[in-house]
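> Sending over a structure as structure tokens; questions will come in a sec.
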Amino acid sequence: MSRNKQHSDFDAIARITRLEAPWLHAPALETVFAVLKAGGFEARVVGGAVRNTLLGRPVSDTDIATTSPPEDTMRLAAAAGLGVYPTGISHGTVTLVAHGTSFEVTSLRHDVETDGRHAVVAFTDDWSADAKRRDFTINALYAASDGTIFDYAEGRKDLAAGRVRFIGDASARIREDYLRILRFFRFSADYGCGVVDAAGLAACTELKSCMIRLSGERVGAEMMKLIVSPRAAEICEVMNLTGILEIVLGKHGHPERLLKLQTIENEMAIAAEAIPRLAALALDTPGEAAEISRKLRLSNEANAILMATTTPHPALNPNAPERDAKALLYRLGPTAFQRALQHAWAASNSPATDPAWHLRYRLAEHWSPPRMPFTGADVLALNVEPGPIVGKVLSAFELWWAEQNFPSDPALQKRKLADLVRTA
Ligand code: ATP
Ligand code: MG
């Protein structure tokens, strides 16, 4: 956790008993609270929304816990005209849509039986039992509709101290769901301060081999969240030392390269991006992209970015002539050019403060390529039959034009196009 607030602010978190936040009074949330209350049940916001509001951080989604069993939640919500989607009914989660906003509403539960991946659950009206089945103390915080905070595991104290701690015995909790190993590192990266919790780390290390039973989707989703954290490199270093990163990636990672990339991002005021960060951490060659993408179930688009970012090119170096860099920039476009340049920079021996790399990176912002002077119509005007040949001539011209530093003389351009048509 970056301690950008005064220490006293953080200590004050432990003493807050009532949450004040505009989202708590949004009509959509008030409607859900009211519908469940009218049916004789209670609802509270739980998890990330409470945790982040206490820290003064943005809230992305509002998860709700309720004493009503899923069937009652669905019945009451449908009768009140809300959207009802049984998105995770087997573990008691129903998605409700009110005023265009969706909420995951989960019935209070305790786990009856777990096998490390799935849980057989029983519903309950006992809030503290529901808190005990959650992963970390900082995630077992609830807020009632009037903002009253319920903290069953000293979550506020841990949040104030930057301590990410399992609720109860760490090993036992991990054995219930091995994904918690990755969640431990993800939450330590985002909310922890200083060294990670020793008991949690020991349990994660002891049980790491069981992670192979997890689905690639769940592992990939957690890893994509972890990697954009400001402490990603530091935490990945811990994961590397314990052999956990190797299980996630299927190979040894390079946290030092990720750290260098993060230093470059800070130096250049670049927003963190998951895929370029993953490329720095995990890829030695573009040939490895497909395997990592398969393992973490990344999209085709993410795989393409991984490949493009890691493909080496002589122009991805500030010592290369500027015209070569411009030709590559033209070919890749500014975003892909900057990602690939950052990647090469992170792998180089040059520091993040290197002025030559800075300038080369900013080239993509300061220079925009001229417009391609010809279209298909210009090729057809040279008596070329319509067909694939038109595209081929245009591409060959474009390549030549970029490599020649975009000559602007129309006569020269026309001569070259005519030459290419003749030899096509
Ligand atoms: P964010 O949405 O900001 O990433 P969050 O805390 O809301 O953080 P979610 O993954 O949305 O995280 O989960 C909501 C809550 O459900 C968590 O705060 C936690 O209490 C509980 N939870 C989620 N996944 C697990 C898990 N694998 N084991 C135990 N509890 C979990
Ligand atoms: Mg959430």
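Chains: A, B, ... in order of the structure tokens. Residues: from 1 per chain. Ligands: from 1, in order shown.
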List the spatial neighbours of segment 241-246 of chain A as an mmCIF file with C-alpha atoms, in the first residue's frame - criterion: any atom at most 9 Å away, only C-alpha atoms, same-chain residues fewer than 3 positions off excluded.


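out_17.cif written:
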data_model
loop_
_atom_site.group_PDB
_atom_site.id
_atom_site.type_symbol
_atom_site.label_atom_id
_atom_site.label_comp_id
_atom_site.auth_asym_id
_atom_site.auth_seq_id
_atom_site.Cartn_x
_atom_site.Cartn_y
_atom_site.Cartn_z
ATOM 1 C CA ILE A 181 -2.502 -18.536 -2.840
ATOM 2 C CA LEU A 182 -2.649 -16.113 -5.757
ATOM 3 C CA LEU A 201 3.668 -16.913 2.875
ATOM 4 C CA CYS A 204 1.345 -20.611 0.257
ATOM 5 C CA THR A 205 4.831 -22.054 -0.218
ATOM 6 C CA LYS A 208 2.035 -24.326 -4.001
ATOM 7 C CA SER A 209 2.098 -27.626 -5.928
ATOM 8 C CA MET A 211 -2.169 -24.895 -7.680
ATOM 9 C CA CYS A 236 6.579 -11.269 -8.081
ATOM 10 C CA GLU A 237 10.102 -11.437 -6.678
ATOM 11 C CA VAL A 238 8.727 -13.129 -3.554
ATOM 12 C CA LEU A 249 3.926 -19.055 -15.676
ATOM 13 C CA GLY A 250 5.278 -22.522 -16.434
ATOM 14 C CA LYS A 251 8.754 -21.003 -16.415
ATOM 15 C CA HIS A 252 11.061 -18.899 -14.308
ATOM 16 C CA GLY A 253 10.075 -15.222 -14.331
#

> Which residues are near segment 374-390 of chain A? Cut-off 12 Å, only C-alpha atoms, ignore same chain within fewer than 4 positions. Put them as a VMD selection string.

chain A and resid 370 394 to 398 401 408 410 413 to 424

> Write the selection just made, keeping C-alpha atoms, as a short mmCIF file (atom, residue, chain, number, x, y, z; two decimals), in the first residue's frame?


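Result went into out_21.cif, see below:
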data_model
loop_
_atom_site.label_atom_id
_atom_site.label_comp_id
_atom_site.auth_asym_id
_atom_site.auth_seq_id
_atom_site.Cartn_x
_atom_site.Cartn_y
_atom_site.Cartn_z
CA PRO A 370 2.65 11.79 -43.39
CA LEU A 394 0.40 -0.58 -52.52
CA SER A 395 2.11 -2.51 -49.71
CA ALA A 396 5.41 -2.62 -51.62
CA PHE A 397 5.17 1.11 -52.25
CA GLU A 398 4.39 1.80 -48.59
CA TRP A 401 8.25 4.98 -48.94
CA SER A 408 7.34 13.94 -50.49
CA PRO A 410 5.17 13.61 -56.18
CA GLN A 413 6.51 8.82 -55.82
CA LYS A 414 4.77 8.34 -59.17
CA ARG A 415 7.92 6.93 -60.77
CA LYS A 416 8.29 4.38 -57.97
CA LEU A 417 4.64 3.33 -58.18
CA ALA A 418 4.95 2.85 -61.94
CA ASP A 419 8.16 0.79 -61.43
CA LEU A 420 6.41 -1.44 -58.93
CA VAL A 421 3.46 -1.95 -61.32
CA ARG A 422 5.87 -2.92 -64.11
CA THR A 423 7.71 -5.50 -61.98
CA ALA A 424 4.63 -6.85 -60.18
#

> Let me have all residues with an atom within 10 Å of ligand 2, counting only C-alpha atoms and all ligand atoms, laid out as a list in words.

Val46, Gly47, Gly48, Ala49, Val50, Val59, Ser60, Asp61, Thr62, Asp63, Ile64, Phe103, Glu104 and Asn139 of chain A

> List the spatial neighbours of Asn405 of chain A as a VMD selection string - criterion: any atom at most 10 Å away, only C-alpha atoms, same-chain residues fewer than 2 positions off excluded.

chain A and resid 322 to 327 369 400 to 403 407 to 408

> DSSP on the backbone: which residues in segment 72-319 of chain A end up as helix (DSSP H, G or I)? Give the answer as a ChimeraX atom specification.

/A:72-79,89-91,127-132,137-139,155-161,170-176,179-191,198-206,208-213,216-227,232-241,244-249,255-268,274-282,286-295,300-310

> Mind checking DSSP for segment 113-301 of chain A and telling me the strand (DSSP E or B) residues as an MDAnalysis selection string?

chainID A and resid 113:114 116 119:123 136 141:143 148:151 166 177

> Pick from A:Asn303, A:Pro58, A:Phe136, A:Asn349: nearest to Pro22 of chain A, with only C-alpha atoms counted?

A:Pro58

> Quick one: residues within 6 Å of Thr106 of chain A, only C-alpha atoms counted, chain neighbours fewer than 5 positions away excluded, as a PyMOL selection string?

chain A and resi 65+92-93

> Quick one: residues within 12 Å of Pro230 of chain A, only C-alpha atoms counted, chain neighbours fewer than 2 positions away excluded, as an NGL selection string?

:A and (1-2 or 186-193 or 225-228 or 232-236 or 258-259 or 261-263 or 265-266 or 271-274 or 277)

> Write out as a PDB file with N, CA, C and O atoms, in the first residue's frame each polymer residue whose atoms come within 10 Å of segment 156-164 of chain A, counting only C-alpha atoms; drop sequence neighbours fewer than 3 positions from it.


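Result file out-v2.pdb:
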ATOM      1  N   MET A   1       0.858  -1.190   0.000  1.00  0.00           N
ATOM      2  CA  MET A   1       0.000   0.000   0.000  1.00  0.00           C
ATOM      3  C   MET A   1       0.886   1.230   0.000  1.00  0.00           C
ATOM      4  O   MET A   1       1.814   1.333   0.784  1.00  0.00           O
ATOM      5  N   SER A   2       0.617   2.167  -0.888  1.00  0.00           N
ATOM      6  CA  SER A   2       1.434   3.370  -0.876  1.00  0.00           C
ATOM      7  C   SER A   2       0.879   4.287   0.200  1.00  0.00           C
ATOM      8  O   SER A   2      -0.305   4.601   0.220  1.00  0.00           O
ATOM      9  N   ARG A   3       1.729   4.689   1.088  1.00  0.00           N
ATOM     10  CA  ARG A   3       1.252   5.493   2.215  1.00  0.00           C
ATOM     11  C   ARG A   3       1.279   6.956   1.831  1.00  0.00           C
ATOM     12  O   ARG A   3       2.066   7.740   2.346  1.00  0.00           O
ATOM     13  N   HIS A   7       0.082   9.100   8.286  1.00  0.00           N
ATOM     14  CA  HIS A   7      -0.036   7.910   9.117  1.00  0.00           C
ATOM     15  C   HIS A   7      -1.299   7.953   9.968  1.00  0.00           C
ATOM     16  O   HIS A   7      -2.004   6.973  10.097  1.00  0.00           O
ATOM     17  N   SER A   8      -1.556   9.147  10.522  1.00  0.00           N
ATOM     18  CA  SER A   8      -2.698   9.278  11.422  1.00  0.00           C
ATOM     19  C   SER A   8      -4.000   8.932  10.706  1.00  0.00           C
ATOM     20  O   SER A   8      -4.903   8.357  11.294  1.00  0.00           O
ATOM     21  N   ASP A   9      -4.080   9.249   9.403  1.00  0.00           N
ATOM     22  CA  ASP A   9      -5.269   8.905   8.621  1.00  0.00           C
ATOM     23  C   ASP A   9      -5.483   7.404   8.644  1.00  0.00           C
ATOM     24  O   ASP A   9      -6.596   6.914   8.789  1.00  0.00           O
ATOM     25  N   PHE A  10      -4.377   6.667   8.454  1.00  0.00           N
ATOM     26  CA  PHE A  10      -4.484   5.220   8.405  1.00  0.00           C
ATOM     27  C   PHE A  10      -4.876   4.653   9.766  1.00  0.00           C
ATOM     28  O   PHE A  10      -5.692   3.753   9.860  1.00  0.00           O
ATOM     29  N   ASP A  11      -4.295   5.216  10.820  1.00  0.00           N
ATOM     30  CA  ASP A  11      -4.644   4.718  12.148  1.00  0.00           C
ATOM     31  C   ASP A  11      -6.115   5.014  12.439  1.00  0.00           C
ATOM     32  O   ASP A  11      -6.795   4.244  13.099  1.00  0.00           O
ATOM     33  N   ALA A  12      -6.588   6.129  11.891  1.00  0.00           N
ATOM     34  CA  ALA A  12      -7.982   6.499  12.111  1.00  0.00           C
ATOM     35  C   ALA A  12      -8.923   5.479  11.478  1.00  0.00           C
ATOM     36  O   ALA A  12     -10.035   5.268  11.978  1.00  0.00           O
ATOM     37  N   ILE A  13      -8.469   4.824  10.413  1.00  0.00           N
ATOM     38  CA  ILE A  13      -9.312   3.824   9.737  1.00  0.00           C
ATOM     39  C   ILE A  13      -9.806   2.778  10.732  1.00  0.00           C
ATOM     40  O   ILE A  13     -10.967   2.373  10.708  1.00  0.00           O
ATOM     41  N   ALA A  14      -8.920   2.378  11.630  1.00  0.00           N
ATOM     42  CA  ALA A  14      -9.262   1.319  12.581  1.00  0.00           C
ATOM     43  C   ALA A  14     -10.396   1.745  13.509  1.00  0.00           C
ATOM     44  O   ALA A  14     -11.046   0.897  14.117  1.00  0.00           O
ATOM     45  N   ARG A  15     -10.637   3.056  13.592  1.00  0.00           N
ATOM     46  CA  ARG A  15     -11.659   3.527  14.549  1.00  0.00           C
ATOM     47  C   ARG A  15     -12.971   3.938  13.869  1.00  0.00           C
ATOM     48  O   ARG A  15     -13.929   4.298  14.534  1.00  0.00           O
ATOM     49  N   ILE A  16     -13.002   3.863  12.547  1.00  0.00           N
ATOM     50  CA  ILE A  16     -14.244   4.265  11.854  1.00  0.00           C
ATOM     51  C   ILE A  16     -15.338   3.226  12.120  1.00  0.00           C
ATOM     52  O   ILE A  16     -15.105   2.031  11.962  1.00  0.00           O
ATOM     53  N   THR A  17     -16.507   3.712  12.529  1.00  0.00           N
ATOM     54  CA  THR A  17     -17.587   2.764  12.812  1.00  0.00           C
ATOM     55  C   THR A  17     -18.747   2.898  11.821  1.00  0.00           C
ATOM     56  O   THR A  17     -19.621   2.055  11.757  1.00  0.00           O
ATOM     57  N   ARG A  51     -13.905  -1.964   1.962  1.00  0.00           N
ATOM     58  CA  ARG A  51     -12.441  -1.870   2.140  1.00  0.00           C
ATOM     59  C   ARG A  51     -11.892  -0.620   1.448  1.00  0.00           C
ATOM     60  O   ARG A  51     -11.166   0.174   2.040  1.00  0.00           O
ATOM     61  N   ASN A  52     -12.257  -0.433   0.173  1.00  0.00           N
ATOM     62  CA  ASN A  52     -11.692   0.690  -0.585  1.00  0.00           C
ATOM     63  C   ASN A  52     -12.210   2.035  -0.100  1.00  0.00           C
ATOM     64  O   ASN A  52     -11.474   3.017  -0.110  1.00  0.00           O
ATOM     65  N   LEU A  54     -12.975   2.796   2.964  1.00  0.00           N
ATOM     66  CA  LEU A  54     -12.216   3.111   4.188  1.00  0.00           C
ATOM     67  C   LEU A  54     -10.850   3.697   3.845  1.00  0.00           C
ATOM     68  O   LEU A  54     -10.332   4.556   4.546  1.00  0.00           O
ATOM     69  N   LEU A  55     -10.272   3.236   2.741  1.00  0.00           N
ATOM     70  CA  LEU A  55      -8.947   3.720   2.341  1.00  0.00           C
ATOM     71  C   LEU A  55      -9.010   4.984   1.488  1.00  0.00           C
ATOM     72  O   LEU A  55      -7.979   5.540   1.118  1.00  0.00           O
ATOM     73  N   ASP A 135     -11.763 -14.858   2.585  1.00  0.00           N
ATOM     74  CA  ASP A 135     -10.337 -15.154   2.588  1.00  0.00           C
ATOM     75  C   ASP A 135      -9.498 -14.341   3.581  1.00  0.00           C
ATOM     76  O   ASP A 135      -8.841 -14.893   4.450  1.00  0.00           O
ATOM     77  N   PHE A 136      -9.526 -13.014   3.458  1.00  0.00           N
ATOM     78  CA  PHE A 136      -8.633 -12.193   4.278  1.00  0.00           C
ATOM     79  C   PHE A 136      -9.434 -11.291   5.212  1.00  0.00           C
ATOM     80  O   PHE A 136     -10.565 -10.914   4.891  1.00  0.00           O
ATOM     81  N   THR A 137      -8.816 -10.918   6.309  1.00  0.00           N
ATOM     82  CA  THR A 137      -9.520 -10.095   7.308  1.00  0.00           C
ATOM     83  C   THR A 137     -10.012  -8.793   6.673  1.00  0.00           C
ATOM     84  O   THR A 137     -11.103  -8.337   6.988  1.00  0.00           O
ATOM     85  N   ILE A 138      -9.211  -8.218   5.769  1.00  0.00           N
ATOM     86  CA  ILE A 138      -9.596  -6.932   5.159  1.00  0.00           C
ATOM     87  C   ILE A 138     -10.759  -7.079   4.177  1.00  0.00           C
ATOM     88  O   ILE A 138     -11.326  -6.082   3.734  1.00  0.00           O
ATOM     89  N   ASN A 139     -11.094  -8.329   3.829  1.00  0.00           N
ATOM     90  CA  ASN A 139     -12.208  -8.573   2.896  1.00  0.00           C
ATOM     91  C   ASN A 139     -13.481  -8.988   3.624  1.00  0.00           C
ATOM     92  O   ASN A 139     -14.514  -9.210   2.992  1.00  0.00           O
ATOM     93  N   ALA A 140     -13.394  -9.128   4.938  1.00  0.00           N
ATOM     94  CA  ALA A 140     -14.571  -9.557   5.703  1.00  0.00           C
ATOM     95  C   ALA A 140     -15.188  -8.358   6.419  1.00  0.00           C
ATOM     96  O   ALA A 140     -15.562  -8.433   7.577  1.00  0.00           O
ATOM     97  N   LEU A 141     -15.249  -7.247   5.722  1.00  0.00           N
ATOM     98  CA  LEU A 141     -15.842  -6.022   6.274  1.00  0.00           C
ATOM     99  C   LEU A 141     -17.191  -5.811   5.611  1.00  0.00           C
ATOM    100  O   LEU A 141     -17.318  -5.931   4.386  1.00  0.00           O
ATOM    101  N   ILE A 149     -20.574  -0.187  10.205  1.00  0.00           N
ATOM    102  CA  ILE A 149     -19.597  -1.193   9.787  1.00  0.00           C
ATOM    103  C   ILE A 149     -19.629  -2.385  10.728  1.00  0.00           C
ATOM    104  O   ILE A 149     -19.688  -2.230  11.948  1.00  0.00           O
ATOM    105  N   PHE A 150     -19.575  -3.569  10.139  1.00  0.00           N
ATOM    106  CA  PHE A 150     -19.455  -4.800  10.911  1.00  0.00           C
ATOM    107  C   PHE A 150     -18.128  -5.445  10.537  1.00  0.00           C
ATOM    108  O   PHE A 150     -17.869  -5.707   9.366  1.00  0.00           O
ATOM    109  N   ASP A 151     -17.315  -5.646  11.553  1.00  0.00           N
ATOM    110  CA  ASP A 151     -15.942  -6.103  11.328  1.00  0.00           C
ATOM    111  C   ASP A 151     -15.711  -7.306  12.230  1.00  0.00           C
ATOM    112  O   ASP A 151     -15.494  -7.164  13.419  1.00  0.00           O
ATOM    113  N   TYR A 152     -15.793  -8.514  11.625  1.00  0.00           N
ATOM    114  CA  TYR A 152     -15.755  -9.731  12.442  1.00  0.00           C
ATOM    115  C   TYR A 152     -14.353 -10.294  12.614  1.00  0.00           C
ATOM    116  O   TYR A 152     -14.163 -11.269  13.312  1.00  0.00           O
ATOM    117  N   ALA A 153     -13.369  -9.724  11.927  1.00  0.00           N
ATOM    118  CA  ALA A 153     -12.039 -10.362  11.952  1.00  0.00           C
ATOM    119  C   ALA A 153     -10.922  -9.328  12.111  1.00  0.00           C
ATOM    120  O   ALA A 153      -9.813  -9.563  11.652  1.00  0.00           O
ATOM    121  N   ILE A 167      -8.022 -15.291   7.287  1.00  0.00           N
ATOM    122  CA  ILE A 167      -8.896 -15.440   8.456  1.00  0.00           C
ATOM    123  C   ILE A 167      -8.704 -16.872   8.950  1.00  0.00           C
ATOM    124  O   ILE A 167      -8.907 -17.824   8.201  1.00  0.00           O
ATOM    125  N   PHE A 184      -3.668 -14.133  -2.160  1.00  0.00           N
ATOM    126  CA  PHE A 184      -2.806 -13.626  -1.083  1.00  0.00           C
ATOM    127  C   PHE A 184      -1.757 -12.663  -1.662  1.00  0.00           C
ATOM    128  O   PHE A 184      -1.538 -11.570  -1.126  1.00  0.00           O
ATOM    129  N   PHE A 185      -1.159 -13.055  -2.780  1.00  0.00           N
ATOM    130  CA  PHE A 185      -0.141 -12.178  -3.371  1.00  0.00           C
ATOM    131  C   PHE A 185      -0.776 -10.948  -4.009  1.00  0.00           C
ATOM    132  O   PHE A 185      -0.253  -9.849  -3.916  1.00  0.00           O
ATOM    133  N   ARG A 186      -1.946 -11.151  -4.647  1.00  0.00           N
ATOM    134  CA  ARG A 186      -2.612 -10.009  -5.281  1.00  0.00           C
ATOM    135  C   ARG A 186      -3.014  -8.959  -4.238  1.00  0.00           C
ATOM    136  O   ARG A 186      -2.740  -7.772  -4.388  1.00  0.00           O
ATOM    137  N   PHE A 187      -3.619  -9.414  -3.148  1.00  0.00           N
ATOM    138  CA  PHE A 187      -4.053  -8.452  -2.133  1.00  0.00           C
ATOM    139  C   PHE A 187      -2.859  -7.874  -1.368  1.00  0.00           C
ATOM    140  O   PHE A 187      -2.882  -6.710  -0.972  1.00  0.00           O
ATOM    141  N   SER A 188      -1.802  -8.667  -1.177  1.00  0.00           N
ATOM    142  CA  SER A 188      -0.591  -8.128  -0.541  1.00  0.00           C
ATOM    143  C   SER A 188      -0.002  -7.023  -1.416  1.00  0.00           C
ATOM    144  O   SER A 188       0.485  -6.013  -0.907  1.00  0.00           O
ATOM    145  N   ALA A 189      -0.053  -7.225  -2.731  1.00  0.00           N
ATOM    146  CA  ALA A 189       0.486  -6.209  -3.649  1.00  0.00           C
ATOM    147  C   ALA A 189      -0.342  -4.929  -3.564  1.00  0.00           C
ATOM    148  O   ALA A 189       0.202  -3.828  -3.553  1.00  0.00           O
ATOM    149  N   ASP A 190      -1.656  -5.081  -3.461  1.00  0.00           N
ATOM    150  CA  ASP A 190      -2.532  -3.898  -3.523  1.00  0.00           C
ATOM    151  C   ASP A 190      -2.776  -3.237  -2.172  1.00  0.00           C
ATOM    152  O   ASP A 190      -2.999  -2.036  -2.105  1.00  0.00           O
ATOM    153  N   TYR A 191      -2.784  -4.029  -1.108  1.00  0.00           N
ATOM    154  CA  TYR A 191      -3.180  -3.468   0.188  1.00  0.00           C
ATOM    155  C   TYR A 191      -2.146  -3.691   1.289  1.00  0.00           C
ATOM    156  O   TYR A 191      -2.312  -3.189   2.389  1.00  0.00           O
ATOM    157  N   GLY A 192      -1.105  -4.460   0.993  1.00  0.00           N
ATOM    158  CA  GLY A 192      -0.090  -4.753   1.994  1.00  0.00           C
ATOM    159  C   GLY A 192       0.972  -3.674   2.025  1.00  0.00           C
ATOM    160  O   GLY A 192       1.115  -2.883   1.099  1.00  0.00           O
ATOM    161  N   CYS A 193       1.706  -3.670   3.118  1.00  0.00           N
ATOM    162  CA  CYS A 193       2.747  -2.668   3.293  1.00  0.00           C
ATOM    163  C   CYS A 193       3.936  -3.400   3.909  1.00  0.00           C
ATOM    164  O   CYS A 193       3.764  -4.160   4.857  1.00  0.00           O
ATOM    165  N   GLY A 194       5.107  -3.256   3.339  1.00  0.00           N
ATOM    166  CA  GLY A 194       6.290  -3.947   3.859  1.00  0.00           C
ATOM    167  C   GLY A 194       6.274  -5.424   3.492  1.00  0.00           C
ATOM    168  O   GLY A 194       5.648  -5.812   2.499  1.00  0.00           O
ATOM    169  N   VAL A 195       6.937  -6.233   4.301  1.00  0.00           N
ATOM    170  CA  VAL A 195       7.040  -7.660   3.968  1.00  0.00           C
ATOM    171  C   VAL A 195       5.660  -8.330   4.053  1.00  0.00           C
ATOM    172  O   VAL A 195       4.822  -7.899   4.838  1.00  0.00           O
ATOM    173  N   VAL A 196       5.478  -9.369   3.253  1.00  0.00           N
ATOM    174  CA  VAL A 196       4.178 -10.050   3.278  1.00  0.00           C
ATOM    175  C   VAL A 196       4.060 -10.860   4.573  1.00  0.00           C
ATOM    176  O   VAL A 196       5.063 -11.224   5.184  1.00  0.00           O
ATOM    177  N   ASP A 197       2.830 -11.151   4.954  1.00  0.00           N
ATOM    178  CA  ASP A 197       2.554 -11.869   6.199  1.00  0.00           C
ATOM    179  C   ASP A 197       3.275 -13.231   6.203  1.00  0.00           C
ATOM    180  O   ASP A 197       3.123 -14.029   5.261  1.00  0.00           O
ATOM    181  N   GLY A 200       1.094 -16.484   6.182  1.00  0.00           N
ATOM    182  CA  GLY A 200       0.463 -16.649   4.874  1.00  0.00           C
ATOM    183  C   GLY A 200       1.470 -17.139   3.849  1.00  0.00           C
ATOM    184  O   GLY A 200       1.195 -18.065   3.077  1.00  0.00           O
TER     185      GLY A 200
END
